[in-house]
Every structure is written in structure tokens, then in C-alpha cells.
>>> print(open('target_20.txt').read())   # compact mmCIF, C-alpha atoms and all ligand atoms
# COMPACT_ATOMS: atom_id res chain seq x y z
CA MET M 1 37.17 -22.02 30.94
CA SER M 2 37.48 -24.03 34.09
CA ARG M 3 34.42 -26.07 34.97
CA THR M 4 35.69 -26.96 38.40
CA ILE M 5 33.24 -25.97 41.07
CA THR M 6 34.57 -26.04 44.58
CA ARG M 7 32.39 -27.16 47.44
CA ARG M 8 32.73 -23.79 49.09
CA LYS M 9 31.54 -22.06 45.94
CA LEU M 10 28.54 -24.36 45.75
CA LEU M 11 27.62 -23.58 49.31
CA ARG M 12 27.98 -19.86 48.69
CA GLN M 13 25.82 -20.07 45.62
CA GLY M 14 23.22 -21.94 47.61
CA ARG M 15 23.00 -19.12 50.10
CA GLU M 16 22.83 -16.48 47.43
CA ALA M 17 20.10 -18.43 45.69
CA ILE M 18 18.04 -18.32 48.84
CA LEU M 19 18.47 -14.63 49.41
CA ALA M 20 17.76 -13.78 45.79
CA GLY M 21 14.84 -16.20 45.73
CA GLY M 22 13.14 -14.28 48.51
CA ALA M 23 13.52 -11.02 46.62
CA ALA M 24 12.24 -12.54 43.38
CA ALA M 25 9.15 -13.94 45.07
CA CYS M 26 8.47 -10.50 46.45
CA ALA M 27 8.80 -8.83 43.05
CA GLY M 28 6.62 -11.53 41.49
CA SER M 29 3.66 -10.70 43.64
CA VAL M 30 3.78 -7.09 42.54
CA LEU M 31 4.52 -7.57 38.85
CA ASN M 32 2.11 -10.45 38.47
CA ALA M 33 3.91 -11.43 35.25
CA ARG M 34 3.40 -15.02 34.31
CA ASP M 35 5.01 -15.20 30.87
CA SER M 36 8.61 -14.42 31.74
CA ALA M 37 10.31 -16.54 34.35
CA PRO M 38 13.97 -15.68 33.91
CA ALA M 39 16.57 -18.29 34.80
CA SER M 40 19.08 -16.46 36.97
CA PRO M 41 21.82 -17.86 39.18
CA ALA M 42 19.09 -17.72 41.83
CA GLY M 43 17.07 -20.33 39.95
CA VAL M 44 13.77 -20.17 38.14
CA ASP M 45 10.82 -18.53 39.87
CA TYR M 46 8.40 -21.41 39.44
CA TYR M 47 5.47 -19.57 41.00
CA ARG M 48 5.70 -17.12 38.10
CA LYS M 49 6.41 -19.79 35.55
CA LEU M 50 3.37 -21.78 36.68
CA GLY M 51 1.20 -18.70 37.04
CA VAL M 52 0.54 -19.24 40.74
CA THR M 53 0.25 -15.85 42.44
CA PRO M 54 1.60 -15.64 45.99
CA PHE M 55 -0.22 -13.52 48.58
CA ILE M 56 0.34 -11.57 51.73
CA ASN M 57 -0.51 -13.84 54.63
CA ALA M 58 -2.81 -11.93 56.99
CA ALA M 59 -4.45 -15.22 57.97
CA GLY M 60 -2.08 -17.26 60.13
CA THR M 61 -0.59 -20.75 59.90
CA TYR M 62 -3.34 -22.43 57.88
CA THR M 63 -2.32 -25.60 56.07
CA ILE M 64 -4.14 -24.74 52.83
CA LEU M 65 -2.44 -21.33 52.80
CA SER M 66 0.98 -23.04 53.07
CA ALA M 67 1.13 -22.30 56.81
CA SER M 68 4.33 -20.31 57.42
CA LEU M 69 7.49 -19.04 55.77
CA MET M 70 10.80 -20.47 56.90
CA PRO M 71 13.29 -17.96 58.33
CA ASP M 72 16.42 -17.37 56.19
CA GLU M 73 18.62 -19.53 58.40
CA VAL M 74 16.22 -22.46 58.05
CA GLN M 75 16.16 -22.11 54.26
CA ALA M 76 19.96 -21.88 54.20
CA ALA M 77 20.35 -25.01 56.35
CA MET M 78 18.09 -26.93 53.97
CA THR M 79 20.04 -25.81 50.91
CA LEU M 80 23.29 -26.96 52.52
CA ALA M 81 21.72 -30.28 53.51
CA ALA M 82 20.63 -30.83 49.92
CA GLN M 83 24.21 -30.87 48.70
CA GLN M 84 25.51 -34.07 50.30
CA PRO M 85 24.06 -37.55 50.81
CA VAL M 86 23.70 -38.96 54.33
CA ASN M 87 22.36 -42.13 55.90
CA ILE M 88 18.75 -41.36 56.78
CA ASN M 89 18.72 -43.49 59.95
CA GLU M 90 21.88 -41.83 61.23
CA LEU M 91 20.37 -38.40 60.58
CA ARG M 92 17.04 -39.42 62.15
CA ASP M 93 18.74 -40.67 65.34
CA ALA M 94 21.17 -37.76 65.65
CA ALA M 95 18.42 -35.19 65.05
CA GLY M 96 16.18 -37.00 67.55
CA GLU M 97 18.85 -36.97 70.27
CA TYR M 98 19.62 -33.30 69.64
CA LEU M 99 15.94 -32.32 69.74
CA ALA M 100 15.26 -34.37 72.88
CA ARG M 101 18.09 -32.54 74.63
CA ARG M 102 16.94 -29.10 73.50
CA LEU M 103 13.26 -29.83 74.17
CA ARG M 104 13.85 -31.48 77.55
CA CYS M 105 12.19 -34.80 76.81
CA GLU M 106 13.39 -38.41 76.73
CA ALA M 107 13.29 -38.87 72.98
CA ALA M 108 12.16 -37.24 69.74
CA LEU M 109 11.35 -38.15 66.15
CA ILE M 110 10.89 -35.89 63.14
CA THR M 111 7.76 -36.92 61.25
CA ALA M 112 6.11 -35.79 58.03
CA GLY M 113 3.80 -33.41 59.94
CA ALA M 114 1.81 -33.54 63.15
CA ALA M 115 -0.84 -35.69 61.44
CA ALA M 116 1.89 -38.21 60.53
CA ALA M 117 3.08 -38.06 64.14
CA LEU M 118 -0.46 -38.97 65.25
CA THR M 119 -0.34 -42.00 62.96
CA VAL M 120 3.12 -43.34 63.79
CA GLY M 121 2.65 -42.45 67.47
CA THR M 122 -0.58 -44.45 67.59
CA ALA M 123 1.15 -47.28 65.72
CA ALA M 124 3.89 -47.15 68.35
CA CYS M 125 1.34 -47.58 71.15
CA ILE M 126 -0.19 -50.54 69.30
CA THR M 127 3.17 -52.22 68.74
CA VAL M 128 4.26 -51.74 72.34
CA ALA M 129 1.03 -53.46 73.38
CA ASN M 130 1.19 -56.17 70.68
CA ARG M 131 4.80 -56.84 69.72
CA PRO M 132 4.76 -58.05 66.11
CA ALA M 133 1.90 -55.82 64.94
CA ILE M 134 3.88 -53.55 62.59
CA VAL M 135 3.08 -55.45 59.40
CA SER M 136 -0.55 -55.99 60.43
CA ILE M 137 -1.49 -52.32 60.98
CA PRO M 138 -4.10 -51.32 59.87
CA THR M 139 -5.80 -54.14 57.99
CA ASP M 140 -5.14 -57.29 60.04
CA MET M 141 -6.08 -56.21 63.54
CA GLU M 142 -7.90 -59.44 64.39
CA GLY M 143 -6.90 -60.44 67.91
CA LEU M 144 -4.77 -57.32 68.46
CA LYS M 145 -5.40 -54.74 71.17
CA ASN M 146 -6.71 -51.65 69.37
CA GLU M 147 -8.87 -49.42 71.60
CA VAL M 148 -8.08 -45.72 72.02
CA ILE M 149 -9.95 -43.80 74.72
CA VAL M 150 -10.90 -40.20 73.94
CA GLN M 151 -13.24 -37.57 75.37
CA LYS M 152 -16.27 -37.06 73.15
CA ALA M 153 -15.47 -33.32 72.98
CA HIS M 154 -11.96 -34.17 71.75
CA ARG M 155 -13.13 -35.88 68.56
CA TYR M 156 -11.86 -33.62 65.78
CA GLU M 157 -10.85 -33.28 62.16
CA TYR M 158 -7.54 -35.06 62.77
CA ASP M 159 -9.18 -38.28 64.01
CA HIS M 160 -8.41 -39.93 60.74
CA ALA M 161 -4.68 -39.80 61.43
CA VAL M 162 -5.29 -41.96 64.53
CA ARG M 163 -7.90 -44.19 62.86
CA ASN M 164 -5.39 -44.89 60.07
CA CYS M 165 -3.92 -47.49 62.41
CA GLY M 166 -7.08 -49.62 62.50
CA ILE M 167 -8.00 -48.51 66.00
CA ARG M 168 -11.46 -48.14 67.51
CA PHE M 169 -12.23 -44.97 69.47
CA VAL M 170 -13.95 -45.46 72.83
CA GLU M 171 -15.65 -42.17 73.76
CA VAL M 172 -16.08 -41.01 77.33
CA GLU M 173 -17.52 -37.88 78.96
CA THR M 174 -17.32 -38.19 82.75
CA LEU M 175 -14.35 -39.16 84.88
CA GLU M 176 -16.26 -42.25 85.99
CA GLN M 177 -16.80 -43.35 82.37
CA TYR M 178 -13.11 -42.74 81.72
CA ARG M 179 -12.06 -44.99 84.61
CA GLN M 180 -14.42 -47.74 83.42
CA ALA M 181 -13.29 -47.55 79.79
CA PHE M 182 -9.93 -49.22 80.40
CA ASN M 183 -9.71 -52.91 79.61
CA ASP M 184 -7.14 -55.33 78.24
CA ARG M 185 -7.70 -54.05 74.68
CA THR M 186 -6.78 -50.43 75.52
CA VAL M 187 -3.59 -49.23 73.80
CA MET M 188 -3.73 -45.43 74.18
CA ALA M 189 -5.58 -42.45 75.68
CA HIS M 190 -5.79 -39.52 73.27
CA PHE M 191 -6.04 -35.82 74.20
CA PHE M 192 -6.67 -32.80 71.93
CA ASN M 193 -4.80 -29.97 73.62
CA ALA M 194 -6.84 -27.10 72.13
CA ALA M 195 -10.25 -28.75 72.58
CA GLU M 196 -12.93 -26.28 73.59
CA GLY M 197 -14.92 -28.80 75.63
CA GLY M 198 -14.37 -31.86 77.79
CA GLN M 199 -14.78 -32.42 81.54
CA ILE M 200 -11.41 -34.05 82.17
CA GLY M 201 -8.31 -31.87 82.34
CA ARG M 202 -4.80 -32.72 81.16
CA GLU M 203 -3.29 -33.79 84.47
CA GLU M 204 -6.22 -35.95 85.46
CA TRP M 205 -6.28 -37.50 81.99
CA VAL M 206 -2.65 -38.53 82.36
CA ARG M 207 -2.95 -39.71 85.97
CA VAL M 208 -5.83 -42.10 85.31
CA ALA M 209 -4.23 -43.52 82.16
CA HIS M 210 -1.03 -44.18 84.09
CA GLU M 211 -2.95 -45.97 86.83
CA HIS M 212 -3.76 -48.45 84.06
CA ALA M 213 -0.25 -48.31 82.53
CA VAL M 214 -1.68 -46.94 79.27
CA PRO M 215 0.27 -44.30 77.29
CA CYS M 216 -1.26 -40.83 76.78
CA PHE M 217 -0.91 -38.82 73.57
CA ASN M 218 -1.42 -35.03 73.46
CA ASP M 219 -1.98 -33.35 70.08
CA ALA M 220 -0.63 -29.81 70.55
CA ALA M 221 0.04 -29.26 66.84
CA ALA M 222 -0.80 -25.55 66.69
CA ASP M 223 0.04 -24.68 70.28
CA VAL M 224 3.27 -22.68 70.18
CA PRO M 225 3.94 -19.97 71.20
CA PRO M 226 4.47 -19.94 74.15
CA ILE M 227 7.86 -21.53 73.57
CA SER M 228 7.70 -23.46 76.85
CA ASN M 229 4.80 -25.55 75.54
CA LEU M 230 7.49 -27.52 73.70
CA TRP M 231 8.32 -29.15 77.06
CA ASN M 232 5.28 -28.34 79.24
CA TYR M 233 3.23 -31.35 78.16
CA THR M 234 5.94 -34.01 78.16
CA GLN M 235 6.94 -32.77 81.62
CA MET M 236 3.30 -32.96 82.71
CA GLY M 237 3.53 -36.68 82.00
CA PHE M 238 2.12 -37.11 78.49
CA ASP M 239 3.95 -40.07 76.94
CA LEU M 240 3.71 -38.64 73.43
CA VAL M 241 3.21 -35.05 72.28
CA THR M 242 3.13 -33.68 68.76
CA PHE M 243 3.72 -30.22 67.30
CA SER M 244 3.41 -29.22 63.69
CA GLY M 245 6.81 -28.28 62.19
CA GLY M 246 5.38 -25.79 59.74
CA LYS M 247 3.07 -23.73 61.96
CA GLY M 248 4.44 -21.56 64.79
CA LEU M 249 7.83 -23.27 64.61
CA ARG M 250 8.24 -22.07 61.01
CA GLY M 251 10.06 -25.17 59.82
CA PRO M 252 9.27 -27.05 56.60
CA GLN M 253 5.51 -27.40 56.19
CA CYS M 254 5.78 -31.17 55.70
CA THR M 255 7.40 -31.83 59.08
CA GLY M 256 6.27 -32.43 62.64
CA LEU M 257 7.73 -33.25 66.05
CA LEU M 258 6.88 -36.42 67.95
CA LEU M 259 8.25 -36.07 71.49
CA GLY M 260 8.09 -38.43 74.42
CA ARG M 261 8.97 -41.71 76.05
CA LYS M 262 12.02 -43.44 74.65
CA ASP M 263 10.47 -46.88 74.11
CA LEU M 264 7.50 -45.34 72.29
CA ILE M 265 9.70 -43.16 70.08
CA GLU M 266 11.78 -46.25 69.21
CA ALA M 267 8.56 -48.09 68.33
CA ALA M 268 7.42 -45.11 66.23
CA LYS M 269 10.68 -45.30 64.28
CA LEU M 270 10.03 -48.95 63.48
CA ASN M 271 6.61 -48.00 62.10
CA ASN M 272 7.97 -45.15 59.98
CA SER M 273 9.81 -44.55 56.73
CA PRO M 274 12.48 -45.51 55.67
CA ASN M 275 11.25 -48.92 56.87
CA SER M 276 9.19 -50.54 54.14
CA ASN M 277 6.02 -52.49 54.90
CA THR M 278 4.99 -50.05 57.63
CA ILE M 279 2.06 -47.66 58.08
CA GLY M 280 4.53 -44.76 57.97
CA ARG M 281 6.33 -45.65 54.73
CA GLY M 282 4.28 -43.07 52.83
CA MET M 283 5.15 -40.39 55.41
CA LYS M 284 8.74 -39.96 54.35
CA VAL M 285 10.95 -37.24 55.80
CA GLY M 286 13.79 -36.20 53.51
CA LYS M 287 17.16 -35.07 54.73
CA GLU M 288 16.47 -31.44 53.81
CA GLU M 289 13.23 -31.39 55.82
CA ALA M 290 14.82 -33.13 58.81
CA VAL M 291 17.63 -30.57 58.91
CA GLY M 292 15.14 -27.77 58.28
CA LEU M 293 13.08 -28.71 61.33
CA VAL M 294 16.16 -28.92 63.57
CA ALA M 295 17.20 -25.46 62.33
CA ALA M 296 13.67 -24.16 62.92
CA VAL M 297 13.70 -25.43 66.52
CA ASP M 298 17.06 -23.70 67.02
CA TRP M 299 15.60 -20.51 65.52
CA PHE M 300 12.42 -20.72 67.63
CA LEU M 301 14.32 -21.32 70.88
CA GLY M 302 16.31 -18.19 70.08
CA GLN M 303 13.12 -16.08 70.14
CA ASP M 304 11.33 -14.91 73.25
CA ASP M 305 7.62 -14.81 73.95
CA ALA M 306 7.45 -11.21 75.14
CA THR M 307 9.28 -9.81 72.11
CA MET M 308 7.16 -11.82 69.69
CA GLU M 309 3.95 -10.77 71.42
CA ALA M 310 4.99 -7.09 71.45
CA GLU M 311 5.85 -7.20 67.75
CA PHE M 312 2.48 -8.79 66.86
CA ARG M 313 0.62 -6.23 69.00
CA ASP M 314 2.44 -3.39 67.27
CA ARG M 315 1.44 -4.74 63.88
CA ALA M 316 -2.19 -5.11 64.96
CA GLU M 317 -2.20 -1.56 66.35
CA ARG M 318 -0.68 -0.11 63.19
CA ILE M 319 -3.44 -1.70 61.12
CA ALA M 320 -6.14 -0.65 63.62
CA GLU M 321 -4.89 2.94 63.43
CA GLN M 322 -5.52 3.02 59.66
CA VAL M 323 -9.14 1.84 59.78
CA LYS M 324 -10.34 3.70 62.88
CA SER M 325 -11.52 6.71 60.87
CA ILE M 326 -14.13 4.59 59.05
CA PRO M 327 -17.56 5.34 60.65
CA THR M 328 -18.68 2.83 63.33
CA VAL M 329 -15.48 0.78 63.10
CA GLU M 330 -14.29 -0.70 66.38
CA THR M 331 -11.08 -2.63 66.83
CA ARG M 332 -9.72 -4.88 69.50
CA ILE M 333 -6.83 -7.24 69.92
CA PHE M 334 -7.72 -10.81 70.70
CA VAL M 335 -5.44 -13.65 71.82
CA PRO M 336 -6.97 -17.15 71.45
CA PRO M 337 -6.58 -19.30 74.59
CA VAL M 338 -4.59 -22.32 73.36
CA ALA M 339 -4.00 -22.75 69.60
CA ASN M 340 -2.60 -19.77 67.68
CA ARG M 341 -2.05 -17.99 70.99
CA VAL M 342 -0.84 -14.70 69.51
CA PRO M 343 -2.47 -11.27 69.12
CA HIS M 344 -5.02 -11.07 66.29
CA LEU M 345 -6.79 -7.88 65.21
CA LEU M 346 -10.60 -7.96 65.28
CA ILE M 347 -12.41 -5.24 63.33
CA THR M 348 -16.19 -4.82 63.67
CA TYR M 349 -18.52 -2.22 62.16
CA ASP M 350 -22.19 -1.41 61.76
CA PRO M 351 -23.35 -2.94 58.48
CA ALA M 352 -26.01 -0.20 58.23
CA ARG M 353 -23.18 2.34 57.75
CA VAL M 354 -20.52 0.16 56.13
CA ALA M 355 -22.45 -1.93 53.66
CA ILE M 356 -20.25 -4.95 53.12
CA THR M 357 -20.08 -8.37 54.76
CA GLY M 358 -16.89 -9.82 56.19
CA GLN M 359 -16.99 -12.47 53.47
CA GLN M 360 -17.10 -9.77 50.80
CA VAL M 361 -14.18 -7.93 52.39
CA MET M 362 -12.21 -11.19 52.38
CA GLU M 363 -13.02 -11.76 48.70
CA LYS M 364 -12.01 -8.21 47.71
CA MET M 365 -8.72 -8.47 49.60
CA ARG M 366 -8.04 -11.78 47.87
CA GLN M 367 -8.69 -10.31 44.43
CA GLY M 368 -6.61 -7.16 44.84
CA SER M 369 -3.03 -6.63 43.83
CA PRO M 370 -1.12 -7.74 45.78
CA ARG M 371 -3.42 -10.54 46.90
CA ILE M 372 -4.10 -10.57 50.63
CA GLU M 373 -5.54 -13.50 52.60
CA LEU M 374 -7.42 -12.56 55.78
CA ASN M 375 -7.99 -14.99 58.65
CA PRO M 376 -10.67 -17.55 57.70
CA ALA M 377 -12.75 -16.62 60.79
CA THR M 378 -13.52 -13.35 58.93
CA GLY M 379 -17.20 -12.98 58.11
CA GLY M 380 -18.36 -15.37 60.74
CA GLY M 381 -20.03 -18.67 60.69
CA PRO M 382 -18.69 -20.76 63.52
CA ALA M 383 -15.66 -19.66 65.50
CA SER M 384 -12.44 -20.85 63.94
CA ALA M 385 -9.59 -22.09 66.12
CA GLY M 386 -10.82 -20.21 69.17
CA LEU M 387 -11.35 -16.98 67.22
CA PRO M 388 -14.72 -15.21 67.47
CA GLY M 389 -16.56 -14.74 64.17
CA GLY M 390 -19.63 -12.76 63.05
CA THR M 391 -20.84 -11.56 59.65
CA ASN M 392 -19.50 -8.05 60.27
CA THR M 393 -16.21 -9.11 61.88
CA ILE M 394 -12.88 -8.98 60.11
CA VAL M 395 -10.05 -11.00 61.62
CA VAL M 396 -6.48 -10.10 60.72
CA GLY M 397 -3.80 -12.64 61.61
CA VAL M 398 -0.63 -10.57 61.86
CA TRP M 399 1.99 -13.10 62.99
CA MET M 400 2.92 -14.44 59.56
CA LEU M 401 3.25 -11.01 57.92
CA ARG M 402 6.68 -10.09 56.54
CA PRO M 403 8.27 -6.75 57.41
CA ASP M 404 6.19 -3.75 56.23
CA GLU M 405 3.32 -5.90 54.98
CA ASP M 406 1.17 -4.69 57.88
CA MET M 407 0.89 -1.28 56.21
CA VAL M 408 0.00 -2.81 52.84
CA VAL M 409 -2.79 -4.75 54.54
CA ALA M 410 -3.91 -1.66 56.47
CA ARG M 411 -4.16 0.57 53.41
CA ARG M 412 -6.04 -1.99 51.37
CA LEU M 413 -8.45 -2.71 54.23
CA ARG M 414 -9.15 0.99 54.65
CA GLU M 415 -9.77 1.29 50.91
CA VAL M 416 -12.21 -1.65 50.82
CA LEU M 417 -14.14 -0.45 53.89
CA HIS M 418 -14.14 3.15 52.69
CA GLU M 419 -15.73 2.19 49.38
CA ALA M 420 -18.58 0.55 51.30
CA ILE M 421 -19.54 3.57 53.44
CA ARG M 422 -23.18 4.45 53.01
CA ALA M 423 -23.89 8.19 52.90
C1 LIG M 501 -2.49 -28.56 62.03
C2 LIG M 501 -2.91 -29.62 62.98
C3 LIG M 501 -2.57 -30.95 62.76
C4 LIG M 501 -1.83 -31.41 61.54
O1 LIG M 501 -0.56 -30.87 61.48
P1 LIG M 501 0.34 -31.09 60.18
O2 LIG M 501 1.71 -30.71 60.62
O3 LIG M 501 -0.22 -30.19 59.13
O4 LIG M 501 0.24 -32.52 59.79
C5 LIG M 501 -2.97 -31.89 63.69
N1 LIG M 501 -3.67 -31.53 64.78
C6 LIG M 501 -4.03 -30.26 65.03
C7 LIG M 501 -4.79 -29.93 66.27
C8 LIG M 501 -3.65 -29.25 64.14
O5 LIG M 501 -3.98 -27.98 64.38
>>> encode(input="target_20.txt", output="C-alpha cells", more="lines below")
Ligand SMILES: *Cc1c(COP(=O)(O)O)cnc(C)c1O
Amino acid sequence: MSRTITRRKLLRQGREAILAGGAAACAGSVLNARDSAPASPAGVDYYRKLGVTPFINAAGTYTILSASLMPDEVQAAMTLAAQQPVNINELRDAAGEYLARRLRCEAALITAGAAAALTVGTAACITVANRPAIVSIPTDMEGLKNEVIVQKAHRYEYDHAVRNCGIRFVEVETLEQYRQAFNDRTVMAHFFNAAEGGQIGREEWVRVAHEHAVPCFNDAAADVPPISNLWNYTQMGFDLVTFSGGKGLRGPQCTGLLLGRKDLIEAAKLNNSPNSNTIGRGMKVGKEEAVGLVAAVDWFLGQDDATMEAEFRDRAERIAEQVKSIPTVETRIFVPPVANRVPHLLITYDPARVAITGQQVMEKMRQGSPRIELNPATGGGPASAGLPGGTNTIVVGVWMLRPDEDMVVARRLREVLHEAIRA
């Protein structure tokens, strides 16, 4: 028997593997069988083999929940990319030029996530201000400029990605404090795009920084859709902007976009893998992920905001329809203002009639078959990512659901709420 495998055949098999893999993952969640993990031409279903049970994502693009699923064309592009070696710097530069053109900015770099973009982007600002700093970051900052100005209300859980570079945050609240904070040690002004507080707006933030010739970074990691945000902030004047590759863009989870000024992007490259002895060496982007993110950007630019929004609203309404008959239940559709700006379904009820907390609903949905993950704002505590909470509030994130999963979620929700009705 001939063992010759043509390139074309390999490519075809790659595509089939992807399509079959999707179907197998789907079956796995229903069968819940962990002992048999058949090796087919599609490959081994390692979720089954390892006994890790996938779930229906009614949450959104949360990192711990693996964020998003890549569209078929993204998965196919990655499988093709995996079949031939390339020079990583050539791929990095070509992908960067392509993305800069499509995203209407001067330059672009694919990073190992938005958090990695915060790190290598900050390192870029430090090295532009202090030329030979690359090897010194973050441990030998003696004598180097290293102050980053930030609004107090913009301190957040991604600070560490900036602090990784050995910087010192200088916090300001008023415009006057902001103006006074600049000195000859300032390397960057940082902005958190989805911050819920802060007196100084985007345009003013940029204008004042530029008066002092200091670059401005905007973290907009979770802030698409709308699609136009991919160029809104660079065109507003931010020198660096990052988006997560694995959230709304639906690229590989371990990728991010760093967009902005050409000299800063070039400096970010110098601070990043594959260059050894850099802060970014541990933030490697493989060829498959690089190609995957380019394909995801192509996919995303082929969508349109109105169609996406209408689809998400339809899903939310279909689920609402199924739970409306439960006594005291009220539903509404809520769109957060900046991050995750897509329709979410909010379900509230009177706990005197429906005796279950949001937390308990979330737990029951998680333990059912199939498993379902609701949005983490469910059951209250503090608002999460601009979403209102409350002990008797259920939040359904519909945008990451696969076709027909909305009805699975709806039926299970109705069942769980129905069981809790007090006579
Ligand atoms: C998710 C997120 C990040 C990190 O993005 P990754 O791509 O997971 O590294 C950074 N900043 C904000 C505001 C985010 O929401």
C-alpha cells in the first residue's frame, strides 16, 4: 500500500479533522463518556479522554471559561498554518502590516493576549524613552525613566501587566493633578477604556499627554463590538491600543492585538519573543496563533454590528419567552456601555414566590447535563463588567452560544425556576 501522502490530501484531512472535531465535541457533552476516546481520522477527543466536560457558554467571553470559540474558518486557517514551517519574524512583520492596513492604524503586532500587549507596549514606551533599556526591564531600572500616569479610577486587575516592566504608577484624579504629574521620568499615560469612573475623558487624556510628548496607551481588551472600535481609539490619537484576540474577535484565546504608532510597535517587537533576554520572551506567539488572529480579524470585519445585535436580541427574547410563565418573573435586555457591549438577558423574580437565589440557579445549571455556565454577574454581589447584579437576578450572556443552544438554556432555566416555585 502506498504511504505517499500528498500535500493536498494533508490539507483536506486537516479541514475534515476540524469539522469532525466540532461534531465530536458536541456529542461528548451529551454522552458524558470519559472511558472511551476513540481515535478517528478526526483525532482523539482529549476532553473526553481527560474527563473534562465541556459546557454551553451562556456567560460571555470570560478568560476562565475559555472565552470564545473560533469560527470554522479560523480553525481551518490554523490547521493549514500548522503544516509548514515559516520564519517567525517574517510572519510577524507581514501579519502586522496586513493588520495595520485592515485596522487603519500605522502599525500592529500580534501578542500573546491583551495582557501581554500591555507588558510589551509598556516596555516599548520605556525603551523609546531610555534607548538601551531592553535587557534591564524590569529588575535594573536604576536611573531609567519609569513613571506611568494613570487615573486613580483606572487602576484595575490588569495593572500587573504594566507593573511587570518595573514601572511606578503615578495616580491622578483632577485635570490639574494630571497636568502637574508630568516630569522627566514620565514614560507613558495609561487609560482603561471601560473604566466606570474617572474625571478625565479619552480625548483630553490624549491631548494633555501629547502636550508633554508622552505616549498614551488605551486598554480596550473587551471592547468590540462595535467593529469600528478597532480603529476608533488609534484614530482618536492613542499611541497604543490593545484588544484581546480571544474575546469578541473570536481568535485564539492566547492572542491579542497591539495597534499604534510605528516607532512604538517596532520597540514592542524588540521587547518581545522570539528575541531572547527580553520581558516578552515568555509571551511567545506561535505561527498557528498568529495566523489564527489574522483570520479572526478577517472574519470579524466580515460581520456587521446590526446583524450581530439583532441575532443576540433574538436569542435573548427566545429565552425570555420560555421563562415568562414563571410567577413574578420579569425579563429585560441589557447592553453594557463599553465592555461586552452586546445584548444580555436579565431575569428577575420575587424570591418569596420563587425560592432560589441566583447563585443556586447558577450552580444547578452548572451541574445539569449538559452543563451550562451562566454569566458570573448572576446572583449579585458587585456588578460585573458593567452588568447589574442582585441576589435574585439571573444574567444570561447569549453572544457565545452556538446555534440552537439558546433553547437548551431556556428549557433548563425554566425547569430550575419551576422547581423552586412556592405554592
Ligand atoms: C480580558 C482583559 C485583558 C486581558 O486580555 P487577555 O487577552 O486575556 O490577555 C486586559 N484588560 C482588560 C480590560 C480585559 O478585559
>>> closest_residue(input="target_20.txt", among="M:Ala295, M:Ile126, M:Met188, M:Leu346", to="M:Pro215", atoms="all atoms listed in the file")
M:Met188
>>> closest_residue(input="target_20.txt", among="M:Gly302, M:Pro71, M:Gly386, M:Pro132", to="ligand LIG 501 (chain M)", atoms="only C-alpha atoms and all ligand atoms")
M:Gly386
>>> closest_atom_pairs(input="target_20.txt", of="chain M", to="ligand LIG 501 (chain M)", cutoff="9 Å", atoms="all atoms listed in the file", output="JSON lines")
{"residue": "M:Thr61", "atom": "CA", "partner": "M:LIG501", "partner_atom": "C1", "distance": 8.3}
{"residue": "M:Tyr62", "atom": "CA", "partner": "M:LIG501", "partner_atom": "C1", "distance": 7.5}
{"residue": "M:Thr63", "atom": "CA", "partner": "M:LIG501", "partner_atom": "O3", "distance": 5.9}
{"residue": "M:Ala67", "atom": "CA", "partner": "M:LIG501", "partner_atom": "O3", "distance": 8.3}
{"residue": "M:Thr111", "atom": "CA", "partner": "M:LIG501", "partner_atom": "O2", "distance": 8.7}
{"residue": "M:Ala112", "atom": "CA", "partner": "M:LIG501", "partner_atom": "O4", "distance": 6.9}
{"residue": "M:Gly113", "atom": "CA", "partner": "M:LIG501", "partner_atom": "O2", "distance": 3.5}
{"residue": "M:Ala114", "atom": "CA", "partner": "M:LIG501", "partner_atom": "O2", "distance": 3.8}
{"residue": "M:Ala115", "atom": "CA", "partner": "M:LIG501", "partner_atom": "O4", "distance": 3.7}
{"residue": "M:Ala116", "atom": "CA", "partner": "M:LIG501", "partner_atom": "O4", "distance": 6.0}
{"residue": "M:Ala117", "atom": "CA", "partner": "M:LIG501", "partner_atom": "O4", "distance": 7.6}
{"residue": "M:Leu118", "atom": "CA", "partner": "M:LIG501", "partner_atom": "C5", "distance": 7.7}
{"residue": "M:Tyr156", "atom": "CA", "partner": "M:LIG501", "partner_atom": "C7", "distance": 8.0}
{"residue": "M:Glu157", "atom": "CA", "partner": "M:LIG501", "partner_atom": "N1", "distance": 7.8}
{"residue": "M:Tyr158", "atom": "CA", "partner": "M:LIG501", "partner_atom": "N1", "distance": 5.6}
{"residue": "M:Asp159", "atom": "CA", "partner": "M:LIG501", "partner_atom": "N1", "distance": 8.7}
{"residue": "M:Ala161", "atom": "CA", "partner": "M:LIG501", "partner_atom": "C5", "distance": 8.4}
{"residue": "M:Phe192", "atom": "CA", "partner": "M:LIG501", "partner_atom": "C7", "distance": 6.6}
{"residue": "M:Asn193", "atom": "CA", "partner": "M:LIG501", "partner_atom": "C7", "distance": 7.4}
{"residue": "M:Ala194", "atom": "CA", "partner": "M:LIG501", "partner_atom": "C7", "distance": 6.8}
{"residue": "M:Ala195", "atom": "CA", "partner": "M:LIG501", "partner_atom": "C7", "distance": 8.4}
{"residue": "M:Asp219", "atom": "CA", "partner": "M:LIG501", "partner_atom": "C7", "distance": 5.8}
{"residue": "M:Ala220", "atom": "CA", "partner": "M:LIG501", "partner_atom": "C7", "distance": 6.0}
{"residue": "M:Ala221", "atom": "CA", "partner": "M:LIG501", "partner_atom": "C6", "distance": 4.6}
{"residue": "M:Ala222", "atom": "CA", "partner": "M:LIG501", "partner_atom": "O5", "distance": 4.6}
{"residue": "M:Asp223", "atom": "CA", "partner": "M:LIG501", "partner_atom": "O5", "distance": 7.9}
{"residue": "M:Thr242", "atom": "CA", "partner": "M:LIG501", "partner_atom": "C5", "distance": 8.1}
{"residue": "M:Phe243", "atom": "CA", "partner": "M:LIG501", "partner_atom": "O2", "distance": 7.0}
{"residue": "M:Ser244", "atom": "CA", "partner": "M:LIG501", "partner_atom": "O2", "distance": 3.8}
{"residue": "M:Gly245", "atom": "CA", "partner": "M:LIG501", "partner_atom": "O2", "distance": 5.9}
{"residue": "M:Gly246", "atom": "CA", "partner": "M:LIG501", "partner_atom": "O2", "distance": 6.2}
{"residue": "M:Lys247", "atom": "CA", "partner": "M:LIG501", "partner_atom": "O2", "distance": 7.2}
{"residue": "M:Gln253", "atom": "CA", "partner": "M:LIG501", "partner_atom": "O2", "distance": 6.7}
{"residue": "M:Cys254", "atom": "CA", "partner": "M:LIG501", "partner_atom": "O2", "distance": 6.4}
{"residue": "M:Thr255", "atom": "CA", "partner": "M:LIG501", "partner_atom": "O2", "distance": 6.0}
{"residue": "M:Gly256", "atom": "CA", "partner": "M:LIG501", "partner_atom": "O2", "distance": 5.3}
{"residue": "M:Leu257", "atom": "CA", "partner": "M:LIG501", "partner_atom": "O2", "distance": 8.5}
{"residue": "M:Ala339", "atom": "CA", "partner": "M:LIG501", "partner_atom": "O5", "distance": 7.4}
{"residue": "M:Asn340", "atom": "CA", "partner": "M:LIG501", "partner_atom": "O5", "distance": 9.0}
{"residue": "M:Ala385", "atom": "CA", "partner": "M:LIG501", "partner_atom": "O5", "distance": 8.3}
>>> atom_distance(input="target_20.txt", atom1="atom CA of M:Val338", atom2="atom CA of M:Ile227")
12.5 Å
>>> atom_distance(input="target_20.txt", atom1="atom CA of M:Ile394", atom2="atom CA of M:Pro336")
15.2 Å
>>> atom_distance(input="target_20.txt", atom1="atom CA of M:Leu417", atom2="atom CA of M:Gln359")
12.4 Å
>>> closest_residue(input="target_20.txt", among="M:Asp239, M:Glu176, M:Glu311, M:Asp305", to="M:Ala189", atoms="all atoms listed in the file")
M:Asp239
